[in-house]
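What's in upload-v6.tsv: TSV, C-alpha atoms
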chain	number	residue	atom	x	y	z
H	1	MET	CA	227.61	114.33	231.54
H	2	MET	CA	230.83	116.21	232.27
H	3	GLN	CA	233.73	114.12	233.53
H	4	ASP	CA	236.06	117.01	234.36
H	5	LYS	CA	238.53	116.31	237.13
H	6	PRO	CA	237.62	118.38	240.20
H	7	ARG	CA	240.11	120.93	241.41
H	8	GLU	CA	241.62	120.23	244.82
H	9	ARG	CA	240.26	122.44	247.60
H	10	PRO	CA	240.09	122.20	251.39
H	11	GLN	CA	236.89	120.46	252.46
H	12	LEU	CA	236.00	123.10	255.03
H	13	ASN	CA	236.30	126.85	254.58
H	14	LYS	CA	234.38	129.46	256.56
H	15	ASN	CA	234.40	131.79	253.54
H	16	GLY	CA	232.85	129.31	251.14
H	17	PHE	CA	231.56	125.84	250.41
H	18	THR	CA	233.37	122.93	248.78
H	19	PHE	CA	231.40	120.70	246.43
H	20	LYS	CA	232.65	117.57	244.68
H	21	GLN	CA	233.79	119.36	241.51
H	22	PHE	CA	234.08	123.02	242.50
H	23	PHE	CA	234.46	125.52	245.32
H	24	VAL	CA	232.14	128.50	245.90
H	25	ALA	CA	233.51	131.46	247.81
H	26	HIS	CA	230.69	133.62	249.20
H	27	ASP	CA	232.29	135.95	251.77
H	28	ARG	CA	231.52	139.02	249.61
H	29	CYS	CA	227.96	137.95	248.75
H	30	ALA	CA	224.95	138.99	250.81
H	31	MET	CA	223.29	135.63	250.23
H	32	LYS	CA	225.43	132.66	251.21
H	33	VAL	CA	225.38	129.15	249.80
H	34	GLY	CA	222.10	127.63	250.99
H	35	THR	CA	219.61	124.85	250.50
H	36	ASP	CA	217.32	126.87	248.20
H	37	ALA	CA	220.00	127.42	245.57
H	38	ILE	CA	221.26	123.84	245.85
H	39	LEU	CA	217.71	122.55	245.36
H	40	LEU	CA	217.22	124.61	242.22
H	41	GLY	CA	220.63	123.83	240.75
H	42	ALA	CA	220.14	120.09	241.26
H	43	TRP	CA	216.46	119.97	240.19
H	44	ALA	CA	216.10	122.27	237.15
H	45	PRO	CA	215.46	120.15	234.01
H	46	VAL	CA	218.49	120.20	231.72
H	47	ALA	CA	217.71	117.50	229.14
H	48	GLY	CA	218.23	118.94	225.67
H	49	VAL	CA	219.03	122.50	226.78
H	50	LYS	CA	221.18	124.61	224.46
H	51	ARG	CA	221.70	127.86	226.39
H	52	ILE	CA	221.06	128.71	230.08
H	53	LEU	CA	220.47	131.99	231.91
H	54	ASP	CA	220.85	132.40	235.68
H	55	ILE	CA	219.07	135.56	236.90
H	56	GLY	CA	220.39	137.04	240.15
H	57	SER	CA	223.33	134.66	240.19
H	58	GLY	CA	224.90	135.79	243.47
H	59	SER	CA	228.05	133.72	244.05
H	60	GLY	CA	227.46	131.82	240.81
H	61	LEU	CA	226.50	128.59	242.59
H	62	ILE	CA	223.51	127.64	240.42
H	63	ALA	CA	225.36	128.44	237.20
H	64	LEU	CA	228.22	126.20	238.32
H	65	MET	CA	225.86	123.37	239.26
H	66	LEU	CA	224.19	123.58	235.86
H	67	ALA	CA	227.57	123.59	234.12
H	68	GLN	CA	228.41	120.36	235.94
H	69	ARG	CA	225.10	118.80	234.87
H	70	THR	CA	225.30	119.71	231.17
H	71	PRO	CA	227.65	118.82	228.28
H	72	SER	CA	230.34	121.15	227.00
H	73	PRO	CA	228.38	122.77	224.12
H	74	VAL	CA	225.91	124.33	226.62
H	75	ASN	CA	226.83	127.92	227.52
H	76	ILE	CA	225.55	129.79	230.56
H	77	ASP	CA	225.01	133.51	231.18
H	78	ALA	CA	224.88	134.59	234.83
H	79	VAL	CA	223.40	138.06	235.44
H	80	GLU	CA	223.96	139.69	238.84
H	81	LEU	CA	223.15	143.30	239.82
H	82	GLU	CA	225.35	143.70	242.92
H	83	PRO	CA	228.96	144.51	241.91
H	84	GLN	CA	230.78	142.61	244.68
H	85	ALA	CA	228.66	139.50	244.19
H	86	ALA	CA	229.22	139.63	240.41
H	87	LEU	CA	232.96	139.93	240.94
H	88	GLN	CA	232.99	136.99	243.32
H	89	ALA	CA	230.89	134.92	240.91
H	90	GLN	CA	233.41	135.66	238.16
H	91	GLU	CA	236.27	134.55	240.42
H	92	ASN	CA	234.40	131.35	241.31
H	93	VAL	CA	233.82	130.63	237.64
H	94	GLN	CA	237.47	131.20	236.78
H	95	GLN	CA	238.55	128.73	239.49
H	96	SER	CA	236.03	126.11	238.32
H	97	PRO	CA	236.41	123.44	235.62
H	98	TRP	CA	234.13	125.46	233.27
H	99	PRO	CA	235.49	129.03	232.92
H	100	GLU	CA	234.98	129.02	229.16
H	101	ARG	CA	231.29	128.07	229.44
H	102	ILE	CA	229.99	130.60	232.00
H	103	GLN	CA	229.87	134.36	231.41
H	104	VAL	CA	229.07	136.62	234.38
H	105	HIS	CA	227.41	139.96	233.62
H	106	GLN	CA	227.04	142.72	236.22
H	107	ARG	CA	223.74	144.11	234.96
H	108	ASP	CA	220.14	144.84	235.86
H	109	ILE	CA	218.08	142.01	234.39
H	110	ALA	CA	215.33	144.33	233.13
H	111	ASP	CA	217.89	146.26	231.06
H	112	TRP	CA	219.60	143.04	229.99
H	113	ALA	CA	216.32	141.56	228.79
H	114	GLU	CA	215.54	144.61	226.66
H	115	GLN	CA	218.95	144.59	224.98
H	116	CYS	CA	219.85	140.90	224.77
H	117	ASP	CA	219.35	139.23	221.38
H	118	LYS	CA	219.83	135.68	222.75
H	119	ARG	CA	217.05	133.27	223.66
H	120	TYR	CA	217.43	130.63	226.34
H	121	SER	CA	216.06	127.11	226.60
H	122	LEU	CA	216.43	127.19	230.41
H	123	ILE	CA	216.19	130.23	232.69
H	124	VAL	CA	216.67	129.82	236.45
H	125	SER	CA	216.36	132.21	239.38
H	126	ASN	CA	216.54	132.06	243.16
H	127	PRO	CA	214.78	135.42	243.41
H	128	PRO	CA	214.18	137.86	246.27
H	129	TYR	CA	210.93	137.20	248.08
H	130	PHE	CA	210.57	139.39	251.19
H	131	ALA	CA	208.40	142.47	250.87
H	132	PRO	CA	210.35	145.75	251.19
H	133	GLY	CA	210.69	146.81	254.82
H	134	VAL	CA	211.28	143.32	256.26
H	135	ALA	CA	214.63	143.94	257.93
H	136	CYS	CA	217.62	141.61	257.49
H	137	SER	CA	221.02	141.69	259.18
H	138	THR	CA	222.71	143.97	256.61
H	139	ALA	CA	221.73	146.42	253.90
H	140	ALA	CA	223.24	144.14	251.25
H	141	ARG	CA	221.22	141.19	252.55
H	142	ASP	CA	218.11	143.40	252.58
H	143	SER	CA	218.68	144.13	248.88
H	144	ALA	CA	219.34	140.50	247.98
H	145	ARG	CA	216.25	139.17	249.78
H	146	ALA	CA	213.69	141.95	249.23
H	147	THR	CA	211.53	142.24	246.13
H	148	ALA	CA	212.29	145.97	245.86
H	149	SER	CA	215.58	144.95	244.17
H	150	LEU	CA	213.75	142.67	241.71
H	151	ASP	CA	209.96	142.45	241.92
H	152	HIS	CA	208.37	139.26	240.65
H	153	GLN	CA	206.42	140.96	237.87
H	154	THR	CA	209.65	142.37	236.43
H	155	LEU	CA	211.32	138.97	236.79
H	156	LEU	CA	208.51	137.21	234.92
H	157	ARG	CA	208.39	139.77	232.13
H	158	SER	CA	212.17	139.76	231.74
H	159	ALA	CA	212.14	135.96	231.49
H	160	ALA	CA	209.32	136.15	228.92
H	161	LEU	CA	211.51	138.33	226.67
H	162	LEU	CA	214.40	135.86	226.90
H	163	ILE	CA	212.80	132.40	226.85
H	164	GLU	CA	212.63	130.14	223.82
H	165	GLU	CA	209.18	129.06	222.71
H	166	GLU	CA	209.74	125.56	224.10
H	167	GLY	CA	211.90	126.78	227.01
H	168	MET	CA	211.52	126.41	230.78
H	169	PHE	CA	211.73	129.07	233.51
H	170	CYS	CA	212.46	127.65	236.97
H	171	VAL	CA	212.39	129.34	240.38
H	172	VAL	CA	212.55	128.37	244.06
H	173	LEU	CA	210.38	130.24	246.58
H	174	PRO	CA	208.73	129.88	249.99
H	175	THR	CA	205.50	127.94	249.53
H	176	ALA	CA	203.04	130.80	250.14
H	177	THR	CA	205.04	133.16	247.93
H	178	GLY	CA	205.14	130.44	245.27
H	179	GLN	CA	201.35	130.38	245.12
H	180	GLU	CA	201.30	134.12	244.49
H	181	PHE	CA	204.04	133.73	241.89
H	182	ILE	CA	202.01	131.11	240.01
H	183	ALA	CA	199.02	133.47	239.86
H	184	LEU	CA	201.19	136.32	238.54
H	185	ALA	CA	202.79	134.02	235.99
H	186	GLN	CA	199.54	132.60	234.70
H	187	ALA	CA	198.11	136.10	234.34
H	188	ASP	CA	201.11	136.89	232.11
H	189	GLY	CA	200.57	133.82	229.93
H	190	TRP	CA	202.97	131.34	231.57
H	191	HIS	CA	201.94	127.70	232.11
H	192	LEU	CA	202.92	125.66	235.17
H	193	ARG	CA	204.60	122.45	233.96
H	194	PHE	CA	206.61	121.27	236.99
H	195	ARG	CA	206.08	121.70	240.72
H	196	LEU	CA	208.15	120.18	243.53
H	197	ASP	CA	206.97	120.84	247.10
H	198	VAL	CA	209.80	120.49	249.63
H	199	ALA	CA	209.39	119.75	253.33
H	200	GLU	CA	212.03	119.21	255.99
H	201	TYR	CA	210.22	116.02	257.08
H	202	ALA	CA	207.48	114.01	255.39
H	203	HIS	CA	204.99	114.71	258.20
H	204	ARG	CA	205.50	118.48	258.03
H	205	PRO	CA	203.96	120.90	255.52
H	206	PRO	CA	206.19	122.05	252.64
H	207	HIS	CA	208.25	125.17	253.27
H	208	ARG	CA	209.70	125.61	249.76
H	209	VAL	CA	208.36	125.07	246.26
H	210	LEU	CA	210.25	124.72	242.99
H	211	LEU	CA	208.31	125.78	239.89
H	212	GLY	CA	208.92	125.10	236.22
H	213	LEU	CA	207.02	127.49	233.94
H	214	SER	CA	206.78	127.45	230.15
H	215	PRO	CA	205.25	129.63	227.44
H	216	GLN	CA	203.76	126.38	226.12
H	217	ALA	CA	200.74	124.68	227.70
H	218	GLY	CA	200.99	121.01	228.66
H	219	GLU	CA	200.66	118.48	231.44
H	220	THR	CA	201.77	119.56	234.93
H	221	LEU	CA	204.01	117.18	236.89
H	222	LEU	CA	203.45	117.49	240.67
H	223	GLU	CA	205.98	115.99	243.10
H	224	ARG	CA	206.94	116.22	246.76
H	225	LEU	CA	210.29	115.81	248.51
H	226	ALA	CA	211.15	115.37	252.19
H	227	ILE	CA	214.75	116.33	252.97
H	228	ARG	CA	215.06	114.19	256.12
H	229	THR	CA	213.71	110.94	257.51
H	230	PRO	CA	212.05	110.81	260.96
H	231	ASP	CA	215.41	109.90	262.54
H	232	THR	CA	216.91	113.12	261.04
H	233	ARG	CA	219.03	111.38	258.40
H	234	TYR	CA	218.94	112.69	254.86
H	235	SER	CA	216.23	110.94	252.85
H	236	ASP	CA	217.02	108.71	249.89
H	237	GLU	CA	215.24	111.22	247.62
H	238	TRP	CA	217.40	114.10	248.87
H	239	CYS	CA	220.59	112.05	248.50
H	240	SER	CA	219.61	111.03	244.98
H	241	LEU	CA	219.02	114.67	244.02
H	242	THR	CA	222.23	116.08	245.50
H	243	ARG	CA	224.82	113.30	245.67
H	244	GLU	CA	226.69	114.55	242.58
H	245	PHE	CA	227.44	117.76	244.50
H	246	TYR	CA	227.76	117.17	248.23
H	247	LEU	CA	230.95	115.72	249.66
H	248	PHE	CA	230.64	112.48	251.67
H	249	MET	CA	227.35	111.54	250.02

For the structure just supplied, provide its representation as structure tokens.
Amino acid sequence: MMQDKPRERPQLNKNGFTFKQFFVAHDRCAMKVGTDAILLGAWAPVAGVKRILDIGSGSGLIALMLAQRTPSPVNIDAVELEPQAALQAQENVQQSPWPERIQVHQRDIADWAEQCDKRYSLIVSNPPYFAPGVACSTAARDSARATASLDHQTLLRSAALLIEEEGMFCVVLPTATGQEFIALAQADGWHLRFRLDVAEYAHRPPHRVLLGLSPQAGETLLERLAIRTPDTRYSDEWCSLTREFYLFM
């Protein structure tokens, strides 16, 4: 994997988040750095990928994580609709060790999918999931979290236009929404190949699910992850998944 020397940054910054090899500013993004994106960026399967697409990239966090996890020939396109978020993602990329590998595009993914002549071996998305009308703290956050800005049917059909035949499309969603997403995907011809159910503690029900979908049928790998142990420490499984990114781990 990449052995690039990390750029020096302060460890704490209220306007962003410092990881081991890069810094993510998010003060101009509606959606801040959070566990969902970190889960997806650390979990998405990257073995053998040639080209990656991040749909709804926000601050660019997932694209940066995937750049860290993949060798230099792998290029990444990050598509983000909101202008300020796209600009901040571009700035984050330019300050990272991989500015030549990540291209940020301020576009609507439905239009991008119709016009793009590339095909991707891995597509990732931390998509909106609230139904329109569920109020958030700001209008920008409403847009980033509500499916009116990118409904799941459009997301699936855009990904279908862009995926390689043997490619993988990965998302992170709340568990109940994930079940609905699987049904929509299967109705459109996708096959569930990977599923990771995530709970805060082992004795609690999962609150997030990560899904890996493919145009190709095959065996489905089902796994479960608890983030914390009963004494509130991070679990060994969580540390193993994220230790290449989090400081002090």

* With all atoms listed in the file counted, which protein, DNA or RNA residues have an atom no more than 6 Å from (223.6, 130.4, 229.3) in the file frame? Please answer as a PyMOL selection string. => chain H and resi 51-53+75-77

* CA of Val93 in chain H to CA of Leu156 in chain H, straight-line distance in Å -> 26.3 Å

* At a cut-off of 9 Å from (229.9, 113.1, 244.3) in the coordinates of the file, what residues are picked up using only C-alpha atoms, written as a ChimeraX atom specification? -> /H:19-21,242-249

* Atomic distance CA of Leu66 in chain H - CA of His207 in chain H, expressed in Å with one decimal ->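 Rounded to one decimal, the two atoms are 23.7 Å apart.
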
* Between CA of Val49 in chain H and CA of Leu155 in chain H, what is the distance, to one decimal in Å? -> 20.8 Å

* Asked: So which residues touch Gln94 in chain H within 12 Å, counting all atoms listed in the file, skipping near sequence neighbours fewer than 2 positions away, as a list in words?
  ->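 Those residues are Arg7, Phe22, Phe23, Val24, Ala25, Gly60, Leu64, Leu87, Gln88, Ala89, Gln90, Glu91, Asn92, Ser96, Pro97, Trp98, Pro99, Glu100, Arg101, Ile102, Gln103 and Val104 of chain H.
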
* For Thr35 in chain H, which residue among H:Leu211, H:Ala176, H:Ile163, H:Val198 is the nearest when counting only C-alpha atoms? ->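 Once distances to Thr35 in chain H are computed over only C-alpha atoms, the minimum belongs to H:Val198.
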
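By chain and then residue number, the residues within 10 Å of Gly48 in chain H are Thr70, Pro71, Val74, Ser121 and Leu122 of chain H, counting all atoms listed in the file and disregarding those fewer than 4 positions away in sequence.
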
Let's have the selection written as an mmCIF file, in the coordinates of the input, with C-alpha atoms.
data_model
loop_
_atom_site.group_PDB
_atom_site.id
_atom_site.type_symbol
_atom_site.label_atom_id
_atom_site.label_comp_id
_atom_site.auth_asym_id
_atom_site.auth_seq_id
_atom_site.Cartn_x
_atom_site.Cartn_y
_atom_site.Cartn_z
ATOM 1 C CA THR H 70 225.300 119.710 231.170
ATOM 2 C CA PRO H 71 227.650 118.820 228.280
ATOM 3 C CA VAL H 74 225.910 124.330 226.620
ATOM 4 C CA SER H 121 216.060 127.110 226.600
ATOM 5 C CA LEU H 122 216.430 127.190 230.410
#

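When all atoms listed in the file are used to measure the gap to Ser158 in chain H, the shortest distance among H:Ala47, H:Ala199, H:Ala110, H:Leu192 belongs to H:Ala110.
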
* If we count all atoms listed in the file, what is near His26 in chain H at a cut-off of 12 Å, once residues fewer than 5 positions away on the same chain are taken out, given as a ChimeraX atom specification? -> /H:13-18,31-34,57-61,84-92

Restricted to C-alpha atoms, what would the selected residues look like written as a PDB file, in the coordinates of the input?
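Printed below is selection_8.pdb as written:
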ATOM      1  CA  ASN H  13     236.300 126.850 254.580  1.00  0.00           C
ATOM      2  CA  LYS H  14     234.380 129.460 256.560  1.00  0.00           C
ATOM      3  CA  ASN H  15     234.400 131.790 253.540  1.00  0.00           C
ATOM      4  CA  GLY H  16     232.850 129.310 251.140  1.00  0.00           C
ATOM      5  CA  PHE H  17     231.560 125.840 250.410  1.00  0.00           C
ATOM      6  CA  THR H  18     233.370 122.930 248.780  1.00  0.00           C
ATOM      7  CA  MET H  31     223.290 135.630 250.230  1.00  0.00           C
ATOM      8  CA  LYS H  32     225.430 132.660 251.210  1.00  0.00           C
ATOM      9  CA  VAL H  33     225.380 129.150 249.800  1.00  0.00           C
ATOM     10  CA  GLY H  34     222.100 127.630 250.990  1.00  0.00           C
ATOM     11  CA  SER H  57     223.330 134.660 240.190  1.00  0.00           C
ATOM     12  CA  GLY H  58     224.900 135.790 243.470  1.00  0.00           C
ATOM     13  CA  SER H  59     228.050 133.720 244.050  1.00  0.00           C
ATOM     14  CA  GLY H  60     227.460 131.820 240.810  1.00  0.00           C
ATOM     15  CA  LEU H  61     226.500 128.590 242.590  1.00  0.00           C
ATOM     16  CA  GLN H  84     230.780 142.610 244.680  1.00  0.00           C
ATOM     17  CA  ALA H  85     228.660 139.500 244.190  1.00  0.00           C
ATOM     18  CA  ALA H  86     229.220 139.630 240.410  1.00  0.00           C
ATOM     19  CA  LEU H  87     232.960 139.930 240.940  1.00  0.00           C
ATOM     20  CA  GLN H  88     232.990 136.990 243.320  1.00  0.00           C
ATOM     21  CA  ALA H  89     230.890 134.920 240.910  1.00  0.00           C
ATOM     22  CA  GLN H  90     233.410 135.660 238.160  1.00  0.00           C
ATOM     23  CA  GLU H  91     236.270 134.550 240.420  1.00  0.00           C
ATOM     24  CA  ASN H  92     234.400 131.350 241.310  1.00  0.00           C
TER      25      ASN H  92
END

Coordinates of box centre and edge lengths for range 62-77 of chain H, 4 Å on every side, axis-aligned, as AutoDock Vina command-line options:
--center_x 226.9 --center_y 126.2 --center_z 232.3 --size_x 14.8 --size_y 22.7 --size_z 24.3
